[in-house]
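A.B. asks: This is model_7.cif (mmCIF, N, CA and C atoms).
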```cif
data_work
loop_
_atom_site.label_atom_id
_atom_site.label_comp_id
_atom_site.auth_asym_id
_atom_site.auth_seq_id
_atom_site.Cartn_x
_atom_site.Cartn_y
_atom_site.Cartn_z
N MET A 1355 -13.36 13.15 3.32
CA MET A 1355 -13.46 13.18 1.88
C MET A 1355 -12.20 12.55 1.29
N ALA A 1356 -12.38 11.69 0.33
CA ALA A 1356 -11.26 11.04 -0.34
C ALA A 1356 -10.71 11.95 -1.43
N ILE A 1357 -9.41 11.96 -1.55
CA ILE A 1357 -8.75 12.78 -2.56
C ILE A 1357 -8.07 11.84 -3.54
N LEU A 1358 -8.27 12.08 -4.81
CA LEU A 1358 -7.66 11.27 -5.84
C LEU A 1358 -6.42 11.98 -6.35
N GLU A 1359 -5.29 11.31 -6.28
CA GLU A 1359 -4.03 11.86 -6.77
C GLU A 1359 -3.42 10.87 -7.75
N PHE A 1360 -2.93 11.38 -8.86
CA PHE A 1360 -2.25 10.55 -9.84
C PHE A 1360 -0.76 10.76 -9.70
N SER A 1361 0.00 9.71 -9.99
CA SER A 1361 1.45 9.79 -9.87
C SER A 1361 2.10 9.01 -11.01
N GLU A 1362 3.21 9.51 -11.48
CA GLU A 1362 3.97 8.79 -12.50
C GLU A 1362 4.74 7.63 -11.87
N ALA A 1363 5.08 7.76 -10.60
CA ALA A 1363 5.87 6.74 -9.91
C ALA A 1363 4.96 5.88 -9.05
N ILE A 1364 4.91 4.59 -9.36
CA ILE A 1364 4.13 3.65 -8.56
C ILE A 1364 5.08 3.00 -7.56
N PRO A 1365 4.71 2.96 -6.29
CA PRO A 1365 5.60 2.32 -5.31
C PRO A 1365 5.75 0.83 -5.59
N PRO A 1366 6.79 0.19 -5.07
CA PRO A 1366 6.96 -1.25 -5.30
C PRO A 1366 5.92 -2.06 -4.53
N CYS A 1367 5.73 -3.28 -4.95
CA CYS A 1367 4.81 -4.21 -4.30
C CYS A 1367 5.27 -4.45 -2.86
N THR A 1368 4.34 -4.38 -1.93
CA THR A 1368 4.68 -4.62 -0.53
C THR A 1368 4.88 -6.10 -0.23
N ARG A 1369 4.44 -6.96 -1.17
CA ARG A 1369 4.59 -8.39 -0.95
C ARG A 1369 5.90 -8.94 -1.50
N CYS A 1370 6.33 -8.45 -2.68
CA CYS A 1370 7.53 -9.02 -3.31
C CYS A 1370 8.57 -7.97 -3.70
N ASP A 1371 8.25 -6.69 -3.51
CA ASP A 1371 9.11 -5.57 -3.87
C ASP A 1371 9.26 -5.43 -5.39
N GLY A 1372 8.38 -6.10 -6.15
CA GLY A 1372 8.42 -6.03 -7.60
C GLY A 1372 7.63 -4.84 -8.12
N GLN A 1373 7.56 -4.74 -9.45
CA GLN A 1373 6.88 -3.63 -10.11
C GLN A 1373 5.38 -3.89 -10.19
N LEU A 1374 4.59 -2.94 -9.72
CA LEU A 1374 3.14 -3.04 -9.76
C LEU A 1374 2.59 -2.52 -11.08
N ILE A 1375 1.43 -3.03 -11.46
CA ILE A 1375 0.71 -2.50 -12.61
C ILE A 1375 -0.17 -1.35 -12.16
N MET A 1376 -0.75 -1.50 -10.96
CA MET A 1376 -1.67 -0.51 -10.44
C MET A 1376 -1.58 -0.52 -8.92
N SER A 1377 -1.72 0.66 -8.33
CA SER A 1377 -1.66 0.77 -6.87
C SER A 1377 -2.57 1.91 -6.43
N ALA A 1378 -3.20 1.71 -5.30
CA ALA A 1378 -4.04 2.76 -4.71
C ALA A 1378 -3.96 2.63 -3.20
N GLN A 1379 -4.21 3.73 -2.53
CA GLN A 1379 -4.26 3.70 -1.07
C GLN A 1379 -5.65 4.10 -0.65
N ALA A 1380 -6.29 3.26 0.13
CA ALA A 1380 -7.66 3.52 0.59
C ALA A 1380 -7.65 4.63 1.65
N PRO A 1381 -8.76 5.33 1.80
CA PRO A 1381 -8.83 6.37 2.83
C PRO A 1381 -8.94 5.80 4.24
N GLN A 1382 -9.13 4.48 4.36
CA GLN A 1382 -9.22 3.83 5.66
C GLN A 1382 -7.86 3.22 6.03
N THR A 1383 -7.73 2.89 7.30
CA THR A 1383 -6.56 2.16 7.76
C THR A 1383 -7.00 0.78 8.23
N ASP A 1384 -6.05 -0.15 8.29
CA ASP A 1384 -6.38 -1.49 8.75
C ASP A 1384 -6.46 -1.52 10.28
N ARG A 1385 -6.67 -2.69 10.85
CA ARG A 1385 -6.84 -2.81 12.31
C ARG A 1385 -5.57 -2.45 13.08
N HIS A 1386 -4.45 -2.35 12.38
CA HIS A 1386 -3.18 -1.98 13.02
C HIS A 1386 -2.85 -0.50 12.80
N GLY A 1387 -3.78 0.23 12.17
CA GLY A 1387 -3.57 1.65 11.91
C GLY A 1387 -2.72 1.93 10.68
N GLN A 1388 -2.42 0.90 9.89
CA GLN A 1388 -1.60 1.07 8.68
C GLN A 1388 -2.50 1.36 7.48
N PRO A 1389 -2.00 2.15 6.54
CA PRO A 1389 -2.79 2.42 5.33
C PRO A 1389 -3.10 1.12 4.58
N ILE A 1390 -4.29 1.05 4.03
CA ILE A 1390 -4.68 -0.09 3.20
C ILE A 1390 -4.27 0.22 1.77
N ARG A 1391 -3.36 -0.58 1.24
CA ARG A 1391 -2.89 -0.40 -0.14
C ARG A 1391 -3.51 -1.48 -1.01
N LEU A 1392 -4.06 -1.05 -2.12
CA LEU A 1392 -4.61 -1.96 -3.12
C LEU A 1392 -3.56 -2.08 -4.21
N GLU A 1393 -3.04 -3.28 -4.40
CA GLU A 1393 -1.94 -3.48 -5.32
C GLU A 1393 -2.26 -4.58 -6.33
N LEU A 1394 -1.93 -4.31 -7.58
CA LEU A 1394 -2.06 -5.30 -8.64
C LEU A 1394 -0.65 -5.62 -9.12
N CYS A 1395 -0.18 -6.81 -8.75
CA CYS A 1395 1.20 -7.22 -9.01
C CYS A 1395 1.20 -8.46 -9.90
N PRO A 1396 1.82 -8.39 -11.08
CA PRO A 1396 1.84 -9.57 -11.94
C PRO A 1396 2.57 -10.75 -11.31
N ALA A 1397 3.58 -10.50 -10.51
CA ALA A 1397 4.34 -11.60 -9.89
C ALA A 1397 3.53 -12.27 -8.79
N CYS A 1398 2.83 -11.49 -7.99
CA CYS A 1398 2.10 -12.04 -6.83
C CYS A 1398 0.69 -12.51 -7.17
N ASP A 1399 0.06 -11.86 -8.14
CA ASP A 1399 -1.36 -12.12 -8.38
C ASP A 1399 -1.66 -13.06 -9.55
N THR A 1400 -0.70 -13.32 -10.42
CA THR A 1400 -0.92 -14.26 -11.52
C THR A 1400 -0.98 -15.68 -10.96
N GLY A 1401 -2.08 -16.35 -11.18
CA GLY A 1401 -2.23 -17.72 -10.72
C GLY A 1401 -2.45 -17.87 -9.22
N ASN A 1402 -2.65 -16.77 -8.51
CA ASN A 1402 -2.87 -16.81 -7.06
C ASN A 1402 -4.34 -17.15 -6.81
N THR A 1403 -4.60 -18.36 -6.34
CA THR A 1403 -5.98 -18.80 -6.14
C THR A 1403 -6.65 -18.06 -4.99
N ASP A 1404 -5.87 -17.40 -4.14
CA ASP A 1404 -6.45 -16.60 -3.06
C ASP A 1404 -6.92 -15.23 -3.55
N ARG A 1405 -6.53 -14.85 -4.78
CA ARG A 1405 -6.86 -13.54 -5.34
C ARG A 1405 -7.39 -13.69 -6.76
N PRO A 1406 -8.54 -14.37 -6.92
CA PRO A 1406 -9.05 -14.62 -8.27
C PRO A 1406 -9.42 -13.35 -9.03
N ALA A 1407 -9.95 -12.33 -8.36
CA ALA A 1407 -10.32 -11.10 -9.06
C ALA A 1407 -9.07 -10.41 -9.61
N ALA A 1408 -7.98 -10.43 -8.87
CA ALA A 1408 -6.74 -9.84 -9.35
C ALA A 1408 -6.24 -10.58 -10.58
N GLY A 1409 -6.32 -11.90 -10.55
CA GLY A 1409 -5.90 -12.70 -11.69
C GLY A 1409 -6.72 -12.42 -12.94
N LEU A 1410 -8.04 -12.26 -12.77
CA LEU A 1410 -8.90 -11.95 -13.91
C LEU A 1410 -8.59 -10.57 -14.48
N LEU A 1411 -8.32 -9.60 -13.60
CA LEU A 1411 -7.97 -8.27 -14.07
C LEU A 1411 -6.64 -8.28 -14.80
N LEU A 1412 -5.67 -9.02 -14.30
CA LEU A 1412 -4.39 -9.15 -14.99
C LEU A 1412 -4.56 -9.78 -16.36
N GLN A 1413 -5.40 -10.81 -16.45
CA GLN A 1413 -5.66 -11.48 -17.73
C GLN A 1413 -6.32 -10.51 -18.71
N PHE A 1414 -7.28 -9.75 -18.22
CA PHE A 1414 -7.97 -8.75 -19.04
C PHE A 1414 -6.97 -7.75 -19.62
N LEU A 1415 -6.07 -7.25 -18.77
CA LEU A 1415 -5.08 -6.27 -19.23
C LEU A 1415 -4.07 -6.90 -20.20
N ALA A 1416 -3.66 -8.13 -19.92
CA ALA A 1416 -2.70 -8.82 -20.79
C ALA A 1416 -3.29 -9.09 -22.18
N ASN A 1417 -4.60 -9.26 -22.26
CA ASN A 1417 -5.28 -9.52 -23.53
C ASN A 1417 -5.69 -8.24 -24.25
N GLY A 1418 -5.19 -7.08 -23.79
CA GLY A 1418 -5.47 -5.82 -24.45
C GLY A 1418 -6.78 -5.17 -24.06
N GLY A 1419 -7.46 -5.69 -23.05
CA GLY A 1419 -8.74 -5.12 -22.64
C GLY A 1419 -8.64 -3.69 -22.17
N GLY A 1420 -7.50 -3.32 -21.62
CA GLY A 1420 -7.32 -1.95 -21.14
C GLY A 1420 -7.17 -0.94 -22.26
N GLN A 1421 -7.00 -1.39 -23.49
CA GLN A 1421 -6.84 -0.51 -24.64
C GLN A 1421 -8.08 -0.46 -25.53
N ASP A 1422 -9.13 -1.17 -25.12
CA ASP A 1422 -10.33 -1.31 -25.93
C ASP A 1422 -11.51 -0.61 -25.25
N LEU A 1423 -11.88 0.56 -25.76
CA LEU A 1423 -12.96 1.33 -25.15
C LEU A 1423 -14.30 0.60 -25.16
N SER A 1424 -14.48 -0.32 -26.09
CA SER A 1424 -15.75 -1.06 -26.14
C SER A 1424 -15.86 -2.03 -24.95
N ARG A 1425 -14.76 -2.23 -24.23
CA ARG A 1425 -14.76 -3.14 -23.07
C ARG A 1425 -14.73 -2.38 -21.74
N ALA A 1426 -15.11 -1.10 -21.77
CA ALA A 1426 -15.05 -0.25 -20.58
C ALA A 1426 -15.93 -0.79 -19.45
N GLN A 1427 -17.11 -1.28 -19.78
CA GLN A 1427 -18.00 -1.81 -18.75
C GLN A 1427 -17.38 -3.04 -18.09
N GLU A 1428 -16.79 -3.90 -18.89
CA GLU A 1428 -16.10 -5.08 -18.35
C GLU A 1428 -14.94 -4.65 -17.46
N ALA A 1429 -14.19 -3.64 -17.89
CA ALA A 1429 -13.07 -3.13 -17.09
C ALA A 1429 -13.56 -2.61 -15.75
N GLY A 1430 -14.65 -1.86 -15.77
CA GLY A 1430 -15.21 -1.32 -14.54
C GLY A 1430 -15.62 -2.41 -13.57
N HIS A 1431 -16.24 -3.46 -14.09
CA HIS A 1431 -16.64 -4.59 -13.25
C HIS A 1431 -15.42 -5.27 -12.64
N LEU A 1432 -14.40 -5.55 -13.47
CA LEU A 1432 -13.19 -6.23 -12.99
C LEU A 1432 -12.45 -5.39 -11.96
N ILE A 1433 -12.37 -4.09 -12.17
CA ILE A 1433 -11.70 -3.21 -11.20
C ILE A 1433 -12.48 -3.16 -9.90
N THR A 1434 -13.80 -3.14 -9.98
CA THR A 1434 -14.61 -3.14 -8.76
C THR A 1434 -14.41 -4.43 -7.98
N GLU A 1435 -14.41 -5.56 -8.66
CA GLU A 1435 -14.21 -6.85 -7.97
C GLU A 1435 -12.81 -6.93 -7.36
N TRP A 1436 -11.80 -6.43 -8.07
CA TRP A 1436 -10.43 -6.40 -7.55
C TRP A 1436 -10.35 -5.52 -6.30
N THR A 1437 -11.00 -4.36 -6.35
CA THR A 1437 -11.02 -3.44 -5.20
C THR A 1437 -11.67 -4.11 -4.00
N LYS A 1438 -12.81 -4.76 -4.21
CA LYS A 1438 -13.49 -5.45 -3.11
C LYS A 1438 -12.61 -6.56 -2.53
N GLU A 1439 -11.92 -7.30 -3.40
CA GLU A 1439 -11.03 -8.38 -2.96
C GLU A 1439 -9.88 -7.83 -2.12
N CYS A 1440 -9.26 -6.74 -2.58
CA CYS A 1440 -8.16 -6.12 -1.83
C CYS A 1440 -8.63 -5.62 -0.47
N MET A 1441 -9.77 -4.94 -0.45
CA MET A 1441 -10.29 -4.39 0.80
C MET A 1441 -10.66 -5.52 1.77
N ALA A 1442 -11.25 -6.60 1.28
CA ALA A 1442 -11.63 -7.73 2.14
C ALA A 1442 -10.41 -8.35 2.80
N ALA A 1443 -9.27 -8.33 2.11
CA ALA A 1443 -8.04 -8.88 2.70
C ALA A 1443 -7.62 -8.09 3.94
N HIS A 1444 -8.14 -6.87 4.06
CA HIS A 1444 -7.83 -6.03 5.22
C HIS A 1444 -9.02 -5.90 6.17
N GLY A 1445 -10.06 -6.70 5.95
CA GLY A 1445 -11.21 -6.70 6.84
C GLY A 1445 -12.28 -5.67 6.51
N TRP A 1446 -12.21 -5.05 5.36
CA TRP A 1446 -13.20 -4.06 4.94
C TRP A 1446 -14.05 -4.67 3.83
N TYR A 1447 -15.37 -4.38 3.86
CA TYR A 1447 -16.28 -4.95 2.88
C TYR A 1447 -17.17 -3.86 2.31
N LEU A 1448 -17.38 -3.90 1.02
CA LEU A 1448 -18.23 -2.93 0.33
C LEU A 1448 -19.69 -3.32 0.52
N GLU A 1449 -20.49 -2.35 0.91
CA GLU A 1449 -21.92 -2.56 1.05
C GLU A 1449 -22.63 -1.63 0.07
N ASP A 1450 -23.76 -2.08 -0.45
CA ASP A 1450 -24.52 -1.26 -1.39
C ASP A 1450 -25.10 -0.02 -0.73
N ALA A 1451 -25.41 -0.12 0.54
CA ALA A 1451 -25.98 1.01 1.29
C ALA A 1451 -25.45 0.92 2.73
N PRO A 1452 -25.33 2.06 3.39
CA PRO A 1452 -24.91 2.01 4.79
C PRO A 1452 -25.87 1.14 5.60
N PRO A 1453 -25.38 0.51 6.68
CA PRO A 1453 -26.23 -0.40 7.47
C PRO A 1453 -27.53 0.24 7.97
N ASP A 1454 -27.54 1.53 8.24
CA ASP A 1454 -28.75 2.17 8.76
C ASP A 1454 -29.68 2.69 7.65
N HIS A 1455 -29.35 2.39 6.38
CA HIS A 1455 -30.18 2.80 5.25
C HIS A 1455 -30.43 1.59 4.34
N PRO A 1456 -31.52 0.85 4.60
CA PRO A 1456 -31.80 -0.35 3.80
C PRO A 1456 -32.05 -0.05 2.33
#
```
Mind converting the file's structure to structure tokens?
C.D. replies:
Amino acid sequence: MAILEFSEAIPPCTRCDGQLIMSAQAPQTDRHGQPIRLELCPACDTGNTDRPAAGLLLQFLANGGGQDLSRAQEAGHLITEWTKECMAAHGWYLEDAPPDHP
């Protein structure tokens, strides 16, 4: 079972040691047994063509989308795409249903 914990202190970016906008740790580990961290870093993800979903989420937040309740559905979609992108970087992929349940 996954546990959701909120924290006032966000750890630094593992890529550049800079300040993150958002961070989460997945309940799975990568192929090396290390925790999978989902990180949204303005320094690393702005203009990064390898992480287009992160860039779109950063743009959304920079344009005030995170403060506009009428854009909640858009926010949910962007966060889901960012999560899938982060997980795929660690070899994990989101499926709509488990493989044994079509």
A.B. asks: May I have the residues within 10 Å of stretch 1380-1396 of chain A as number ranges by chain, using only C-alpha atoms and disregarding those fewer than 2 positions away in the same chain?
C.D. replies: A: 1355-1357, 1364-1378, 1398-1402, 1408-1409, 1411-1413, 1416, 1436-1441, 1443-1446
A.B. asks: Could you give me, as a list in words, each residue of chain A that DSSP assigns to strand (DSSP E) when run on this structure's backbone?
C.D. replies: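 In chain A, DSSP puts these residues in strand (DSSP E): Met1376, Ser1377, Ala1378, Gln1379, Ala1380, Pro1381, Gln1382, Thr1383, Pro1389, Ile1390, Arg1391, Leu1392, Glu1393 and Leu1394 of chain A.
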A.B. asks: Record the distance separating atom N of A:Tyr1447 and atom C of A:Leu1423, expressed in Å with one decimal.
C.D. replies: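 So the two atoms, atom N of A:Tyr1447 and atom C of A:Leu1423, lie 29.5 Å apart.
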A.B. asks: Just to confirm, what's the straight-line distance from atom N of A:Gly1430 to atom CA of A:Arg1405 in Å (one decimal)?
C.D. replies: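 Going from atom N of A:Gly1430 over to atom CA of A:Arg1405, I get 17.5 Å.
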A.B. asks: Could you check the closest approach to A:Ala1407 for each of A:Ala1363, A:Ile1433, A:Leu1448, A:Ala1442 and tell me which residue wins, using all atoms listed in the file?
C.D. replies: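 Among the listed residues, A:Ile1433 lies closest to A:Ala1407.
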A.B. asks: Can you work out the spacing between atom C of A:Ala1426 and atom C of A:Glu1362 in Å, to one decimal?
C.D. replies: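 Separation between atom C of A:Ala1426 and atom C of A:Glu1362: 23.6 Å.
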A.B. asks: Any chance you could list, as a list in words, the residues in stretch 1371-1418 of chain A that come up alpha helix (DSSP H) when DSSP is run on the backbone?
C.D. replies: Pro1396, Ala1397, Cys1398, Asp1399, Pro1406, Ala1407, Ala1408, Gly1409, Leu1410, Leu1411, Leu1412, Gln1413, Phe1414, Leu1415 and Ala1416 of chain A
A.B. asks: Have a look at A:Ala1397, A:Ser1424, A:Glu1435, A:Phe1360 and name the one nearest to A:Leu1410; count only C-alpha atoms.
C.D. replies: A:Glu1435
A.B. asks: For stretch 1374-1386 of chain A, take all atoms listed in the file, fit an axis-aligned box around them, add 6 Å to each of the six sides, then output centre and edge lengths in Å rounded to one decimal, as JSON.
C.D. replies:
```
{"center_x": -2.3, "center_y": 1.7, "center_z": 0.2, "size_x": 25.8, "size_y": 21.4, "size_z": 37.7}
```
